[in-house]
Amino acid sequence: MHIDCVKNSGKPYLRIAESYSIKVNGIRKNRKRTIYNIGPLSRFDDGKPDFLLRLRQSFKNGNPIIECLNNFIGKDTVSRKILLEFDKDDQNVCFSTPKNIGYFILDSLYDSLGIYDVLNLQKSRKNIGYDLNGLTKLLTFGRILHPNSKYATRQEREHYLFDIVSSDSQIEIYRTLDVLNEKSETIQKRMNLKIIDKIGRNTDICFYDVTNYWFDIDNNDKDKLDEYGNIVEEGIRKFEPSKAQNHKPIVQMGLFIDDNGIPIAYKLFPGNHIDQTTLRPTLKKTIYKMNFNKVIIIADGGLNSGKNLANILKEGNGYIVSKSIRKSDKNTKEWILEEDGYEWNESKTFKIKSIIRERTINDENGEEVLIKEKLVSYRSKKYYDYELHQAKKFIKYLETVIANPSKLKINKKKIEKFIVTDIVDKNTGEILKATPILSLNIKKIKEYKGLMGYYTIMTSEIDKPNLEIIDKYHGLSRIEDSFRIIKSNLEGRPVYVRTEEHINAHFLICFIALTMIRIIQHKVLLNKKMNKSKHWESGITGEKIKEALGGFMADPLSKGYYRLTKPTEDLEMIMKTFGVS
């Protein structure tokens, strides 16, 4: 842009103009357009020599002597017109071939997590000739943007705007999986260090939970046996003891995440391992090797066992775990139901109390350990209404049976704990070997209904306030959502790889992909200045991230230009968060 002076009705007139060129019949011609009409020269002339020269120089220097021109300083008001030439006889130019450009965000995240360094070192040490990092990126980006089999993911490598991998062999995909399996622990440790350094991680809190993934096969994997028939190595795909609903072999996954919902580490187990047996091995393989200070392990009641708690305390860490009320002893139930000690909120919809107690547990070596812990009990109307809704039909059935005992059915598994079975003589009432008479235990039914709405938590952190303990425990919902993302958005199941090494590599890819999604969510929350404890995922969901990045496309034009799809609101939010224009 420049200051132009033209004749208007024979008088000098000032304006802001810009020059541009066009091509007409193969000849380039210069043109000029008006950006802003300033006004007659006489209106602004200060009477000093060379006014026009001084005006042009001041505008060029960014301090125009006409005040209204400051609105144009530092602003690119130039309308750039790009001349694109096409051969009308070339049919290829008639078709749109958009490619994904949203992966740029994922590419920068991948590089920031330190995976590149681990694989490059392995490539150098093992003299690997194929593109190890490129193939890992391809598998990870594909898992986020368009989940598919390993074969289909390789076929879709052309869907990205620029090449992210130089290798073009299916066998190299599987060789990459072998390397990822071998370096899984190292990659997890490296990612953790980078996240602590670049993003920040609250290492005082670790949430842990277990889930499973089914495989489309009919039989268990065989165990490897020694010459004496002892198990040397378990097969990993196994039917769980209670059998999966779809009756397929499964793999168990134990996962740790931090207070921001960002994954820390994971470990796989054969499908027939119960949840309680997974916590200690996962801690020993991951958290204990990451040099954290004291960590509070938060888990649900399924992980609550003396061996687990003793191990956590032995390593100088703490725990916050739920306690099943209905499986508690008589004294604990009586204490829970006693009104004495409860503190109510103003609306009388929530009450809470706690007690500090000592008890003896057995560690993994069978030795007795005396521990001191706080037991927190609380009851909320919201939780009561939820339980009541879930058990509405069952309670109605119990009430029907109480009124009409003939409707009692022994085949109802849920009702067995409320049934009293006596062998009596119908005529004399004498107990003997005769027909079983079924009846309901009314006392147990009253206890069942009376405990609705109550919840208990056990913790080693006896000095922490009760409400803080509850708040930290409720953070477990974040790990449940992480499993949901792996199973839905990342389509982590069913799994189509077969060997244990490739299965582990598949879940490492899911772990990396999940970490990237969680980092995007965390950064969006920070950018929106939202309370993570209440809105930790409401900044943007995993599904919206997938749609935003997967739908951002670029259509190649001639001369190295590209036409982009219009960014969605979600994409604009992500780009703004990462400082991308």
# chains A, B, ... in the order shown; residues from 1 in each chain; ligands from 1
$ residues_around --residues "stretch 163-179 of chain A" --least-positions-apart "5" --cutoff "7 Å" --atoms "only C-alpha atoms" --output "VMD selection string"
chain A and resid 130 to 132 134 to 135 138 151 501 to 502 505
$ write_last_selection --atoms "N, CA and C atoms" --output "mmCIF file, in the first residue's frame"
data_model
loop_
_atom_site.group_PDB
_atom_site.id
_atom_site.type_symbol
_atom_site.label_atom_id
_atom_site.label_comp_id
_atom_site.auth_asym_id
_atom_site.auth_seq_id
_atom_site.Cartn_x
_atom_site.Cartn_y
_atom_site.Cartn_z
ATOM 1 N N TYR A 130 14.454 -49.441 7.486
ATOM 2 C CA TYR A 130 13.149 -48.891 7.128
ATOM 3 C C TYR A 130 12.792 -47.704 8.035
ATOM 4 N N ASP A 131 11.721 -47.002 7.668
ATOM 5 C CA ASP A 131 11.324 -45.761 8.353
ATOM 6 C C ASP A 131 10.521 -46.094 9.617
ATOM 7 N N LEU A 132 11.246 -46.346 10.702
ATOM 8 C CA LEU A 132 10.628 -46.793 11.947
ATOM 9 C C LEU A 132 9.695 -45.736 12.532
ATOM 10 N N GLY A 134 8.369 -43.117 10.930
ATOM 11 C CA GLY A 134 7.302 -42.832 9.982
ATOM 12 C C GLY A 134 6.177 -43.853 10.081
ATOM 13 N N LEU A 135 6.530 -45.133 10.204
ATOM 14 C CA LEU A 135 5.522 -46.185 10.310
ATOM 15 C C LEU A 135 4.763 -46.086 11.643
ATOM 16 N N LEU A 138 2.345 -43.309 11.237
ATOM 17 C CA LEU A 138 1.241 -43.747 10.377
ATOM 18 C C LEU A 138 0.228 -44.556 11.180
ATOM 19 N N TYR A 151 -3.187 -53.437 7.906
ATOM 20 C CA TYR A 151 -3.081 -53.482 6.441
ATOM 21 C C TYR A 151 -3.770 -52.273 5.820
ATOM 22 N N GLU A 501 3.364 -60.284 21.105
ATOM 23 C CA GLU A 501 4.205 -59.107 20.844
ATOM 24 C C GLU A 501 3.432 -58.054 20.058
ATOM 25 N N HIS A 502 2.699 -58.485 19.057
ATOM 26 C CA HIS A 502 1.950 -57.530 18.226
ATOM 27 C C HIS A 502 0.717 -56.999 18.957
ATOM 28 N N ALA A 505 2.078 -54.279 21.105
ATOM 29 C CA ALA A 505 2.406 -53.115 20.272
ATOM 30 C C ALA A 505 1.137 -52.371 19.854
#
$ residues_around --residues "stretch 360-362 of chain A" --least-positions-apart "6" --cutoff "9 Å" --atoms "only C-alpha atoms" --output "PDB file with all heavy atoms, in the first residue's frame"
ATOM      1  N   SER A 305      -7.425 -55.095  48.136  1.00  0.00           N
ATOM      2  CA  SER A 305      -7.026 -56.335  48.802  1.00  0.00           C
ATOM      3  C   SER A 305      -5.871 -56.031  49.741  1.00  0.00           C
ATOM      4  O   SER A 305      -5.128 -55.066  49.551  1.00  0.00           O
ATOM      5  CB  SER A 305      -6.611 -57.402  47.787  1.00  0.00           C
ATOM      6  OG  SER A 305      -5.346 -57.088  47.221  1.00  0.00           O
ATOM      7  N   GLY A 306      -5.707 -56.857  50.768  1.00  0.00           N
ATOM      8  CA  GLY A 306      -4.632 -56.648  51.729  1.00  0.00           C
ATOM      9  C   GLY A 306      -3.265 -56.659  51.077  1.00  0.00           C
ATOM     10  O   GLY A 306      -2.389 -55.851  51.415  1.00  0.00           O
ATOM     11  N   LYS A 307      -3.050 -57.567  50.123  1.00  0.00           N
ATOM     12  CA  LYS A 307      -1.751 -57.655  49.447  1.00  0.00           C
ATOM     13  C   LYS A 307      -1.427 -56.361  48.708  1.00  0.00           C
ATOM     14  O   LYS A 307      -0.298 -55.876  48.750  1.00  0.00           O
ATOM     15  CB  LYS A 307      -1.758 -58.835  48.474  1.00  0.00           C
ATOM     16  CG  LYS A 307      -1.832 -60.195  49.149  1.00  0.00           C
ATOM     17  CD  LYS A 307      -1.856 -61.317  48.123  1.00  0.00           C
ATOM     18  CE  LYS A 307      -1.943 -62.676  48.806  1.00  0.00           C
ATOM     19  NZ  LYS A 307      -1.984 -63.790  47.810  1.00  0.00           N
ATOM     20  N   LEU A 309      -2.710 -53.261  49.260  1.00  0.00           N
ATOM     21  CA  LEU A 309      -2.530 -52.135  50.178  1.00  0.00           C
ATOM     22  C   LEU A 309      -1.192 -52.231  50.909  1.00  0.00           C
ATOM     23  O   LEU A 309      -0.499 -51.225  51.087  1.00  0.00           O
ATOM     24  CB  LEU A 309      -3.683 -52.086  51.183  1.00  0.00           C
ATOM     25  CG  LEU A 309      -5.098 -51.943  50.603  1.00  0.00           C
ATOM     26  CD1 LEU A 309      -6.110 -51.762  51.723  1.00  0.00           C
ATOM     27  CD2 LEU A 309      -5.181 -50.793  49.613  1.00  0.00           C
ATOM     28  N   ALA A 310      -0.818 -53.436  51.313  1.00  0.00           N
ATOM     29  CA  ALA A 310       0.460 -53.621  52.015  1.00  0.00           C
ATOM     30  C   ALA A 310       1.631 -53.254  51.111  1.00  0.00           C
ATOM     31  O   ALA A 310       2.603 -52.628  51.555  1.00  0.00           O
ATOM     32  CB  ALA A 310       0.578 -55.070  52.495  1.00  0.00           C
ATOM     33  N   GLU A 368       1.537 -60.843  58.464  1.00  0.00           N
ATOM     34  CA  GLU A 368       0.574 -59.874  58.970  1.00  0.00           C
ATOM     35  C   GLU A 368       1.201 -58.477  59.061  1.00  0.00           C
ATOM     36  O   GLU A 368       2.346 -58.334  59.482  1.00  0.00           O
ATOM     37  CB  GLU A 368       0.047 -60.302  60.347  1.00  0.00           C
ATOM     38  CG  GLU A 368      -0.869 -61.515  60.290  1.00  0.00           C
ATOM     39  CD  GLU A 368      -1.537 -61.771  61.628  1.00  0.00           C
ATOM     40  OE1 GLU A 368      -1.110 -61.181  62.644  1.00  0.00           O
ATOM     41  OE2 GLU A 368      -2.503 -62.559  61.658  1.00  0.00           O
ATOM     42  N   VAL A 369       0.422 -57.469  58.669  1.00  0.00           N
ATOM     43  CA  VAL A 369       0.875 -56.078  58.710  1.00  0.00           C
ATOM     44  C   VAL A 369      -0.214 -55.250  59.393  1.00  0.00           C
ATOM     45  O   VAL A 369      -1.385 -55.308  58.998  1.00  0.00           O
ATOM     46  CB  VAL A 369       1.139 -55.527  57.293  1.00  0.00           C
ATOM     47  CG1 VAL A 369       1.578 -54.064  57.359  1.00  0.00           C
ATOM     48  CG2 VAL A 369       2.176 -56.359  56.566  1.00  0.00           C
ATOM     49  N   LEU A 370       0.162 -54.479  60.401  1.00  0.00           N
ATOM     50  CA  LEU A 370      -0.778 -53.612  61.086  1.00  0.00           C
ATOM     51  C   LEU A 370      -0.802 -52.258  60.382  1.00  0.00           C
ATOM     52  O   LEU A 370       0.233 -51.625  60.227  1.00  0.00           O
ATOM     53  CB  LEU A 370      -0.382 -53.430  62.557  1.00  0.00           C
ATOM     54  CG  LEU A 370      -1.310 -52.533  63.403  1.00  0.00           C
ATOM     55  CD1 LEU A 370      -2.689 -53.192  63.539  1.00  0.00           C
ATOM     56  CD2 LEU A 370      -0.698 -52.251  64.773  1.00  0.00           C
ATOM     57  N   ILE A 371      -1.985 -51.818  59.936  1.00  0.00           N
ATOM     58  CA  ILE A 371      -2.094 -50.542  59.235  1.00  0.00           C
ATOM     59  C   ILE A 371      -3.075 -49.618  59.957  1.00  0.00           C
ATOM     60  O   ILE A 371      -3.956 -50.079  60.682  1.00  0.00           O
ATOM     61  CB  ILE A 371      -2.541 -50.723  57.766  1.00  0.00           C
ATOM     62  CG1 ILE A 371      -3.979 -51.269  57.700  1.00  0.00           C
ATOM     63  CG2 ILE A 371      -1.579 -51.610  57.005  1.00  0.00           C
ATOM     64  CD1 ILE A 371      -4.568 -51.261  56.307  1.00  0.00           C
ATOM     65  N   LYS A 372      -2.873 -48.335  59.749  1.00  0.00           N
ATOM     66  CA  LYS A 372      -3.766 -47.322  60.302  1.00  0.00           C
ATOM     67  C   LYS A 372      -4.381 -46.575  59.143  1.00  0.00           C
ATOM     68  O   LYS A 372      -3.665 -46.085  58.262  1.00  0.00           O
ATOM     69  CB  LYS A 372      -2.968 -46.363  61.200  1.00  0.00           C
ATOM     70  CG  LYS A 372      -3.821 -45.377  61.978  1.00  0.00           C
ATOM     71  CD  LYS A 372      -2.920 -44.536  62.892  1.00  0.00           C
ATOM     72  CE  LYS A 372      -3.751 -43.595  63.759  1.00  0.00           C
ATOM     73  NZ  LYS A 372      -2.884 -42.787  64.665  1.00  0.00           N
TER      74      LYS A 372
END
$ residues_around --residues "A:Leu571" --least-positions-apart "4" --cutoff "9 Å" --atoms "only C-alpha atoms" --output "PyMOL selection string"
chain A and resi 102+544-545+547-549+552+567+575-576
$ select_by_dssp --residues "stretch 466-568 of chain A" --states "strand (DSSP E)" --output "list in words"
Met553, Ala554, Asp555, Pro556, Tyr562, Arg563 and Leu564 of chain A
$ atom_distance --atom1 "atom CA of A:Tyr561" --atom2 "atom CA of A:Asp89"
20.5 Å
$ closest_residue --among "A:Met573, A:Val401, A:Leu109, A:Ile66" --to "A:Arg43" --atoms "only C-alpha atoms"
A:Ile66
$ closest_residue --among "A:Leu490, A:Ile274, A:Phe215, A:Thr97" --to "A:Lys546" --atoms "only C-alpha atoms"
A:Leu490
$ residues_around --residues "A:Asp4" --least-positions-apart "4" --cutoff "8 Å" --atoms "only C-alpha atoms" --output "list of chain:residue names"
A:Leu14, A:Arg15, A:Ile16, A:Ala17
$ closest_residue --among "A:His247, A:Phe394, A:Thr286, A:Glu480" --to "A:Asp300" --atoms "only C-alpha atoms"
A:Glu480
$ atom_distance --atom1 "atom CA of A:Gln521" --atom2 "atom CA of A:Ile262"
9.3 Å
$ residues_around --residues "A:Phe578" --least-positions-apart "5" --cutoff "10 Å" --atoms "only C-alpha atoms" --output "VMD selection string"
chain A and resid 105 108 520 523 to 524 527 572 to 573
$ write_last_selection --atoms "N, CA and C atoms" --output "PDB file, in the first residue's frame"
ATOM      1  N   ILE A 105      -1.229 -31.213  13.648  1.00  0.00           N
ATOM      2  CA  ILE A 105      -1.276 -31.069  15.106  1.00  0.00           C
ATOM      3  C   ILE A 105      -0.713 -32.327  15.765  1.00  0.00           C
ATOM      4  N   SER A 108       3.200 -32.654  15.505  1.00  0.00           N
ATOM      5  CA  SER A 108       3.975 -31.871  16.473  1.00  0.00           C
ATOM      6  C   SER A 108       3.895 -32.498  17.864  1.00  0.00           C
ATOM      7  N   ILE A 520      -4.481 -32.762  24.096  1.00  0.00           N
ATOM      8  CA  ILE A 520      -5.291 -31.756  23.397  1.00  0.00           C
ATOM      9  C   ILE A 520      -6.417 -31.281  24.317  1.00  0.00           C
ATOM     10  N   LYS A 523      -4.991 -29.062  27.142  1.00  0.00           N
ATOM     11  CA  LYS A 523      -4.589 -27.737  26.684  1.00  0.00           C
ATOM     12  C   LYS A 523      -5.800 -26.865  26.349  1.00  0.00           C
ATOM     13  N   VAL A 524      -6.828 -27.481  25.784  1.00  0.00           N
ATOM     14  CA  VAL A 524      -8.053 -26.728  25.491  1.00  0.00           C
ATOM     15  C   VAL A 524      -8.677 -26.218  26.786  1.00  0.00           C
ATOM     16  N   ASN A 527      -6.704 -23.314  27.987  1.00  0.00           N
ATOM     17  CA  ASN A 527      -6.941 -22.154  27.138  1.00  0.00           C
ATOM     18  C   ASN A 527      -8.297 -21.514  27.431  1.00  0.00           C
ATOM     19  N   GLU A 572     -11.028 -24.677  14.984  1.00  0.00           N
ATOM     20  CA  GLU A 572     -10.509 -23.346  15.298  1.00  0.00           C
ATOM     21  C   GLU A 572     -10.080 -23.250  16.756  1.00  0.00           C
ATOM     22  N   MET A 573     -10.848 -23.907  17.646  1.00  0.00           N
ATOM     23  CA  MET A 573     -10.498 -23.906  19.063  1.00  0.00           C
ATOM     24  C   MET A 573      -9.181 -24.652  19.296  1.00  0.00           C
TER      25      MET A 573
END
$ residues_around --residues "A:Ile217" --least-positions-apart "2" --cutoff "8 Å" --atoms "only C-alpha atoms" --output "PyMOL selection string"
chain A and resi 215+219+248-249
$ residues_around --residues "stretch 282-284 of chain A" --least-positions-apart "5" --cutoff "10 Å" --atoms "only C-alpha atoms" --output "PyMOL selection string"
chain A and resi 208+253-256+265-269+277+289-290+297+308+311-312+315
$ closest_residue --among "A:Leu508, A:Leu467, A:Leu225, A:Val495" --to "A:Asn345" --atoms "only C-alpha atoms"
A:Leu467
$ closest_residue --among "A:Trp214, A:Trp344, A:Tyr319, A:Phe483" --to "A:Glu373" --atoms "only C-alpha atoms"
A:Tyr319
$ select_by_dssp --residues "stretch 447-574 of chain A" --states "helix (DSSP H, G or I)" --output "number ranges by chain"
A: 447-450, 466-474, 476-487, 500-528, 532-535, 542-550, 558-560, 569-574
$ closest_residue --among "A:Tyr562, A:Tyr342, A:Phe104, A:Tyr496" --to "A:Val580" --atoms "only C-alpha atoms"
A:Phe104
$ atom_distance --atom1 "atom CA of A:Lys487" --atom2 "atom CA of A:Ile195"
23.8 Å
